Every structure is written in structure tokens, then in C-alpha cells.
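Notes to accompany the following structure.
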Amino acid sequence: MAQGRAHSGVGALPGWKTAVSSVAAVLLAIVFLVAGVWKITDPLSAAVRLTQAQVPGGLSLPAALLLGIGETFAGVLLVVPRFRRWGAWLACLELVAFVIYIGAYYSVLRGEECNCFPWIKRAVGPAFFVGDAIMLLLGVMAGWWARPSESTRSAVLVLGAVVVFSLASYGVTAARHSSITAPQWITAGGKPLSLHQGRVFLYFFEPECSHCDAAARLMARYHWKDTTVIGVPTAQPQFAPEFMQSTGLPGLISMDAGLLRQTFPFVDAPYAVALEDGRQQAAFTRFDREELEGGLRRLGFID
């Protein structure tokens with residue numbers, strides 16, 4: 001027994017290293033869980049962020065779900081001591097891949113807001129890589145001083161639970177978006193306007209957003225049928241008339257963003273909703289030819 005106790009103490013880490021590993025793991029787990037759960041529970045908004053980060057429109061939604069699953073899985077592994085080393089190395093791998101991707105598109109994304117959090121604005125630049133380097137250091141400390149991980153079967157079960165949660169959440173989100181009814185009345189062009197009569201296209205934008213500008217210029221070239229186009233500024237509404245005029249997007253302007261966002265919640269502009277007799281027919285988070293133009297043509301909003 002004495003020999004067994006002596007053997008178990010061989011190679012044991014000092015208490016301070018174990019403590020540092022635990023603190024680093026918890027801090028990194030918070031980052032990954034917040035980022036991952038947000039992507040899982042709001043994949044459409046996450047897809048918008050990825051599209052703005054140069055991910056092809058057709059891949060942005062699957063990528064958002066996969067990233068959400070990977071980040072959430074890594075965060076859960078980091079929290080559980082017997083999975084901590086696996087979680088740390090997985091988190092480090094994801095961070096390295098993310099840094100490589102941003103580095104490859106750095107000239108395009110420099111100065112753009114590109115982040116995993118829905119509430120924190122981070123612009124791509126030198127400080128962006130410093131933040132990721134700090135997270136990478138936390139991952140190394142969490143994994144290097146953690147005990148060897150065990151029970152692969154249990155870890156696979158955790159992954160399965162995260163995948164099931166992701167798919168269920170996406171199903172709920174898709175169902176909710178397909179059954180939304182717009183408010184009866186808003187003010188547009190300085191007059192009351194009913195959203196429950198005919199086809200209405202609501203376009204939410206920020207006047208100083210480059211992505212919003214590009215999307216508006218694309219839609220300005222469309223041949224709209226019997227559709228009322230309404231631009232809804234979500235920030236700096238005083239610049240909305242200039243935005244509509246400079247982009248050439250035909251339509252009215254409504255300042256009822258607060259009222260409309262209670263019914264049509266989203267994180268970032270640009271965002272658009274196609275309504276027919278007050279019921280949402282489609283919501284658009286990607287503004288490329290295949291997604292937007294094809295969808296509007298199928299709905300009969302444009303020729």
C-alpha cells in the first residue's frame with residue numbers, strides 16, 4: 001500500500017499549476033460556451049456574421065451550426081475536469097483555424113466588425129489578434145497542466161447531446177420565423193400604413209453600414225412588382241433619406257424600428273422580411289443573388 005501511495009504521487013503537479021489550469025479552463029469555457037450557444041440558438045443571425053466575414057452565402061448557415069456545435073462542445077469539455085485536456089486542445093485548434101482564416105482575408109476584413117459575440121463589437125486589426133493570442137494562451141495552460149483525459153465514450157455522448165440540442169433549436173427557430181404576423185399598422189413616409197394589405201418588403205439597415213449599402217444597391221436594380229418597399233433604419237435615422245437616395249432603393253422610410261423589432265428580432269443589419277397580407281413569407285439574412293433574388297422571385301415580389 002505504501003508503495004502504491006508513493007507511486008501515485010510520482011509526477012503530481014504542484015497545487016498552483018492545477019489551480020491555474022482550472023481558472024484558465026473556466027475563463028476559456030465561458031468564452032466558448034457563450035459564442036457557441038449563441039450560434040446554436042440564433043443560427044440565422046450567426047450566418048449573417050459569417051457572410052460578412054466572407055463565408056459564401058450558401059455555406060454560412062451550415063457553418064454557423066457547425067461552429068456553434070464545435071465551440072459548445074469544447075466549452076463543455078473544458079468545464080469537466082476529466083475531459084479538460086481534450087477540451088483545451090480542441091479549443092486551441094479552433095482558435096488557430098480562426099486566426100488563419102482571418103489572416104487569409106485580413107486585407108478585406110481589416111476594420112470590419114467580425115466577432116463571435118452578439119453584444120461585443122470587435123474590429124479586425126492588430127488588437128483582434130492580441131485577444132485571440134490571449135485565449136490561445138489560456139487554452140495551452142488549461143490543457144498542459146490538466147490531468148490526462150479519459151472516457152472517450154462519455155465524451156462522444158456529450159457531443160451527441162450538443163448536436164441534438166443544435167438541431168432541435170434550429171427547428172424551433174425555423175418554425176417560429178415561418179409563423180410570424182406583422183403589426184397591423186406602422187408609420188411610413190409620414191403616414192399610417194397597413195402591413196396587412198398586399199405584399200410588403202421591410203428592409204432593416206444602418207446608414208453607415210457598408211454591407212447594408214451593398215445590399216440596397218443590389219435591390220435597387222430589381223423590377224419590383226406590386227410590392228411596397230419600406231426601409232427601416234436601425235441606427236442614425238437622420239441619415240436614412242440620404243441612404244435611400246444614394247443607393248437608389250425605391251421605397252418609403254419608416255422610423256418604427258423599435259416596434260418592428262419586437263416582432264422581427266435580429267442582431268445585425270442588413271436584415272429583410274417579406275410579408276404578404278401581414279404574414280411573414282420569408283426572412284433574409286444573406287444578400288447575394290442566389291439567396292435574395294431567387295427567394296424574392298419565387299415569392300412573386302420581383303420579376
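Chain labels follow the order of the C-alpha cells: the first chain is A, the next B, and so on; residue numbering restarts at 1 in every chain, and ligands are counted from 1 in their shown order.
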Next item on the list: Give the alpha helix (DSSP H) residues of stretch 167-285 of chain A, as assigned by DSSP on the backbone, as a ChimeraX atom specification.
Entry: /A:167-177,210-220,240-247,257-263
Go ahead and save the residues from that selection, with C-alpha atoms, as a tab-separated table (two decimals), in the first residue's frame.
```
chain	number	residue	atom	x	y	z
A	167	LEU	CA	-30.86	20.56	-34.45
A	168	ALA	CA	-33.83	21.00	-32.11
A	169	SER	CA	-33.01	24.67	-31.63
A	170	TYR	CA	-32.74	25.22	-35.38
A	171	GLY	CA	-36.10	23.52	-35.90
A	172	VAL	CA	-37.75	25.79	-33.34
A	173	THR	CA	-36.16	28.87	-34.90
A	174	ALA	CA	-37.29	27.91	-38.41
A	175	ALA	CA	-40.84	27.20	-37.22
A	176	ARG	CA	-41.02	30.49	-35.33
A	177	HIS	CA	-39.89	32.50	-38.34
A	210	SER	CA	-21.12	49.01	-45.91
A	211	HIS	CA	-22.93	45.66	-46.11
A	212	CYS	CA	-26.31	47.45	-45.91
A	213	ASP	CA	-25.23	49.82	-48.67
A	214	ALA	CA	-24.16	46.98	-50.97
A	215	ALA	CA	-27.41	45.08	-50.38
A	216	ALA	CA	-29.52	48.18	-51.07
A	217	ARG	CA	-27.69	48.88	-54.32
A	218	LEU	CA	-28.29	45.28	-55.39
A	219	MET	CA	-32.02	45.53	-54.65
A	220	ALA	CA	-32.25	48.91	-56.41
A	240	ALA	CA	-31.92	57.34	-43.75
A	241	PRO	CA	-33.23	59.61	-46.57
A	242	GLU	CA	-29.69	60.17	-47.85
A	243	PHE	CA	-29.05	56.40	-47.70
A	244	MET	CA	-32.16	55.57	-49.73
A	245	GLN	CA	-31.39	58.27	-52.27
A	246	SER	CA	-27.70	57.42	-52.71
A	247	THR	CA	-28.31	53.67	-53.10
A	257	ALA	CA	-37.66	50.10	-35.91
A	258	GLY	CA	-38.35	49.59	-32.21
A	259	LEU	CA	-41.91	48.41	-32.84
A	260	LEU	CA	-40.96	46.14	-35.73
A	261	ARG	CA	-38.01	44.55	-33.93
A	262	GLN	CA	-40.35	43.35	-31.21
A	263	THR	CA	-41.96	41.14	-33.87
```
Check: stretch 272-287 of chain A: which residues within 6 Å, counting only C-alpha atoms, same-chain residues fewer than 2 positions away excluded, as a PyMOL selection string?
Finding: chain A and resi 48+180-182+195-204+215+292
Notebook entry, point to check: Could you state the separation of atom CA of A:Phe73 and atom CA of A:Leu33 in Å, given to one decimal place?
Noted result: 8.1 Å
Next item on the list: Rank A:Val156, A:Val20, A:Ala25, A:Val37 by their smallest atom-to-atom distance to A:Ala88, using only C-alpha atoms, and report the top residue only.
Entry: A:Ala25
Fewer than 5 positions away in the same chain doesn't count, so skip those; otherwise give me all residues within 8 Å of A:Glu206, counting only C-alpha atoms, as a short mmCIF file (atom, residue, chain, number, x, y, z; two decimals) with C-alpha atoms, in the first residue's frame.
```
data_model
loop_
_atom_site.label_atom_id
_atom_site.label_comp_id
_atom_site.auth_asym_id
_atom_site.auth_seq_id
_atom_site.Cartn_x
_atom_site.Cartn_y
_atom_site.Cartn_z
CA CYS A 212 -26.31 47.45 -45.91
CA PRO A 233 -33.13 52.45 -40.19
CA THR A 234 -31.94 50.74 -37.01
CA ALA A 235 -29.39 53.46 -36.17
CA GLN A 236 -28.80 57.12 -37.04
CA ALA A 269 -28.44 44.72 -40.15
CA PRO A 270 -28.85 44.17 -43.02
#
```
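If you look at atom CA of A:Ala35 and atom CA of A:Arg153, they are 25.4 Å away from each other.
Counting from atom CA of A:Val163, the distance to atom CA of A:Val99 is 24.8 Å.
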Identify, on the basis of only C-alpha atoms, every residue whose closest approach to A:Ala64 does not exceed 7 Å; exclude the query and any residue fewer than 4 positions from it along the same chain; express the result as a PDB file with N, CA and C atoms, in the first residue's frame.
```pdb
ATOM      1  N   LYS A  39     -24.639  30.894 -31.325  1.00  0.00           N
ATOM      2  CA  LYS A  39     -24.757  30.425 -32.704  1.00  0.00           C
ATOM      3  C   LYS A  39     -25.823  29.338 -32.823  1.00  0.00           C
ATOM      4  N   PRO A  43     -29.037  30.747 -35.172  1.00  0.00           N
ATOM      5  CA  PRO A  43     -28.156  30.458 -36.305  1.00  0.00           C
ATOM      6  C   PRO A  43     -28.305  31.436 -37.462  1.00  0.00           C
ATOM      7  N   ALA A  46     -26.153  34.403 -36.710  1.00  0.00           N
ATOM      8  CA  ALA A  46     -24.764  33.973 -36.819  1.00  0.00           C
ATOM      9  C   ALA A  46     -24.359  33.826 -38.279  1.00  0.00           C
ATOM     10  N   ALA A  47     -25.280  33.350 -39.102  1.00  0.00           N
ATOM     11  CA  ALA A  47     -24.986  33.199 -40.532  1.00  0.00           C
ATOM     12  C   ALA A  47     -24.725  34.550 -41.181  1.00  0.00           C
ATOM     13  N   SER A  60     -22.986  29.671 -45.196  1.00  0.00           N
ATOM     14  CA  SER A  60     -22.946  30.400 -43.927  1.00  0.00           C
ATOM     15  C   SER A  60     -23.830  29.772 -42.852  1.00  0.00           C
ATOM     16  N   GLY A  68     -21.063  26.504 -33.992  1.00  0.00           N
ATOM     17  CA  GLY A  68     -21.745  26.519 -32.703  1.00  0.00           C
ATOM     18  C   GLY A  68     -21.603  25.200 -31.970  1.00  0.00           C
TER      19      GLY A  68
END
```
Report as an mmCIF file with N, CA and C atoms, in the first residue's frame all protein, DNA and RNA residues lying within 12 Å of A:Leu13, evaluated on only C-alpha atoms, omitting residues in the same chain fewer than 6 positions from it.
```
data_model
loop_
_atom_site.group_PDB
_atom_site.id
_atom_site.type_symbol
_atom_site.label_atom_id
_atom_site.label_comp_id
_atom_site.auth_asym_id
_atom_site.auth_seq_id
_atom_site.Cartn_x
_atom_site.Cartn_y
_atom_site.Cartn_z
ATOM 1 N N ALA A 19 -4.368 24.851 -10.058
ATOM 2 C CA ALA A 19 -5.283 25.982 -9.887
ATOM 3 C C ALA A 19 -5.300 26.869 -11.133
ATOM 4 N N VAL A 20 -4.103 27.153 -11.678
ATOM 5 C CA VAL A 20 -4.026 27.979 -12.888
ATOM 6 C C VAL A 20 -4.737 27.293 -14.045
ATOM 7 N N SER A 21 -4.544 25.980 -14.171
ATOM 8 C CA SER A 21 -5.212 25.228 -15.230
ATOM 9 C C SER A 21 -6.724 25.334 -15.103
ATOM 10 N N TRP A 144 -2.152 21.942 -20.775
ATOM 11 C CA TRP A 144 -0.826 21.459 -20.412
ATOM 12 C C TRP A 144 -0.773 20.985 -18.969
ATOM 13 N N TRP A 145 -1.494 21.691 -18.092
ATOM 14 C CA TRP A 145 -1.457 21.350 -16.671
ATOM 15 C C TRP A 145 -2.708 20.606 -16.206
ATOM 16 N N ALA A 146 -3.471 20.082 -17.145
ATOM 17 C CA ALA A 146 -4.641 19.274 -16.784
ATOM 18 C C ALA A 146 -4.243 17.804 -16.743
ATOM 19 N N ARG A 147 -4.993 17.024 -16.019
ATOM 20 C CA ARG A 147 -4.710 15.596 -15.970
ATOM 21 C C ARG A 147 -5.125 14.959 -17.289
#
```
Next item on the list: Enumerate the residues of stretch 178-227 of chain A with a DSSP assignment of strand (DSSP E or B), computed from the backbone, and present them as a PyMOL selection string.
Entry: chain A and resi 181+185-188+191-194+199-205+224+227
Go ahead and write the selection's residues with N, CA and C atoms as a short mmCIF file (atom, residue, chain, number, x, y, z; two decimals), in the first residue's frame.
```cif
data_model
loop_
_atom_site.label_atom_id
_atom_site.label_comp_id
_atom_site.auth_asym_id
_atom_site.auth_seq_id
_atom_site.Cartn_x
_atom_site.Cartn_y
_atom_site.Cartn_z
N THR A 181 -46.58 37.08 -37.51
CA THR A 181 -47.54 38.03 -38.06
C THR A 181 -47.09 39.44 -37.71
N TRP A 185 -50.38 48.18 -38.05
CA TRP A 185 -50.07 49.49 -38.60
C TRP A 185 -48.67 49.95 -38.21
N ILE A 186 -48.02 50.65 -39.11
CA ILE A 186 -46.80 51.39 -38.82
C ILE A 186 -46.89 52.74 -39.50
N THR A 187 -45.95 53.60 -39.22
CA THR A 187 -45.88 54.88 -39.92
C THR A 187 -44.75 54.80 -40.95
N ALA A 188 -45.09 55.07 -42.20
CA ALA A 188 -44.11 55.02 -43.29
C ALA A 188 -44.35 56.19 -44.22
N LYS A 191 -46.97 58.73 -42.97
CA LYS A 191 -48.40 58.43 -42.91
C LYS A 191 -48.61 57.01 -42.36
N PRO A 192 -49.77 56.76 -41.77
CA PRO A 192 -50.07 55.38 -41.33
C PRO A 192 -50.14 54.44 -42.53
N LEU A 193 -49.60 53.26 -42.36
CA LEU A 193 -49.60 52.27 -43.44
C LEU A 193 -49.89 50.89 -42.86
N SER A 194 -50.81 50.16 -43.48
CA SER A 194 -51.17 48.83 -43.01
C SER A 194 -50.21 47.80 -43.61
N ARG A 199 -48.42 42.86 -50.60
CA ARG A 199 -47.03 42.48 -50.36
C ARG A 199 -46.25 43.68 -49.85
N VAL A 200 -45.47 43.42 -48.80
CA VAL A 200 -44.63 44.45 -48.20
C VAL A 200 -43.25 43.87 -47.96
N PHE A 201 -42.23 44.63 -48.32
CA PHE A 201 -40.84 44.21 -48.10
C PHE A 201 -40.21 45.18 -47.13
N LEU A 202 -39.85 44.69 -45.93
CA LEU A 202 -39.21 45.51 -44.91
C LEU A 202 -37.70 45.29 -44.99
N TYR A 203 -36.98 46.38 -45.13
CA TYR A 203 -35.51 46.29 -45.20
C TYR A 203 -34.92 47.08 -44.04
N PHE A 204 -34.31 46.35 -43.09
CA PHE A 204 -33.67 46.97 -41.93
C PHE A 204 -32.21 47.25 -42.27
N PHE A 205 -31.77 48.47 -42.02
CA PHE A 205 -30.41 48.85 -42.40
C PHE A 205 -29.84 49.87 -41.42
N TRP A 224 -39.44 45.55 -59.08
CA TRP A 224 -40.42 45.17 -58.07
C TRP A 224 -41.82 45.14 -58.68
N THR A 227 -45.33 45.50 -54.91
CA THR A 227 -44.71 45.35 -53.60
C THR A 227 -44.37 46.72 -53.03
#
```
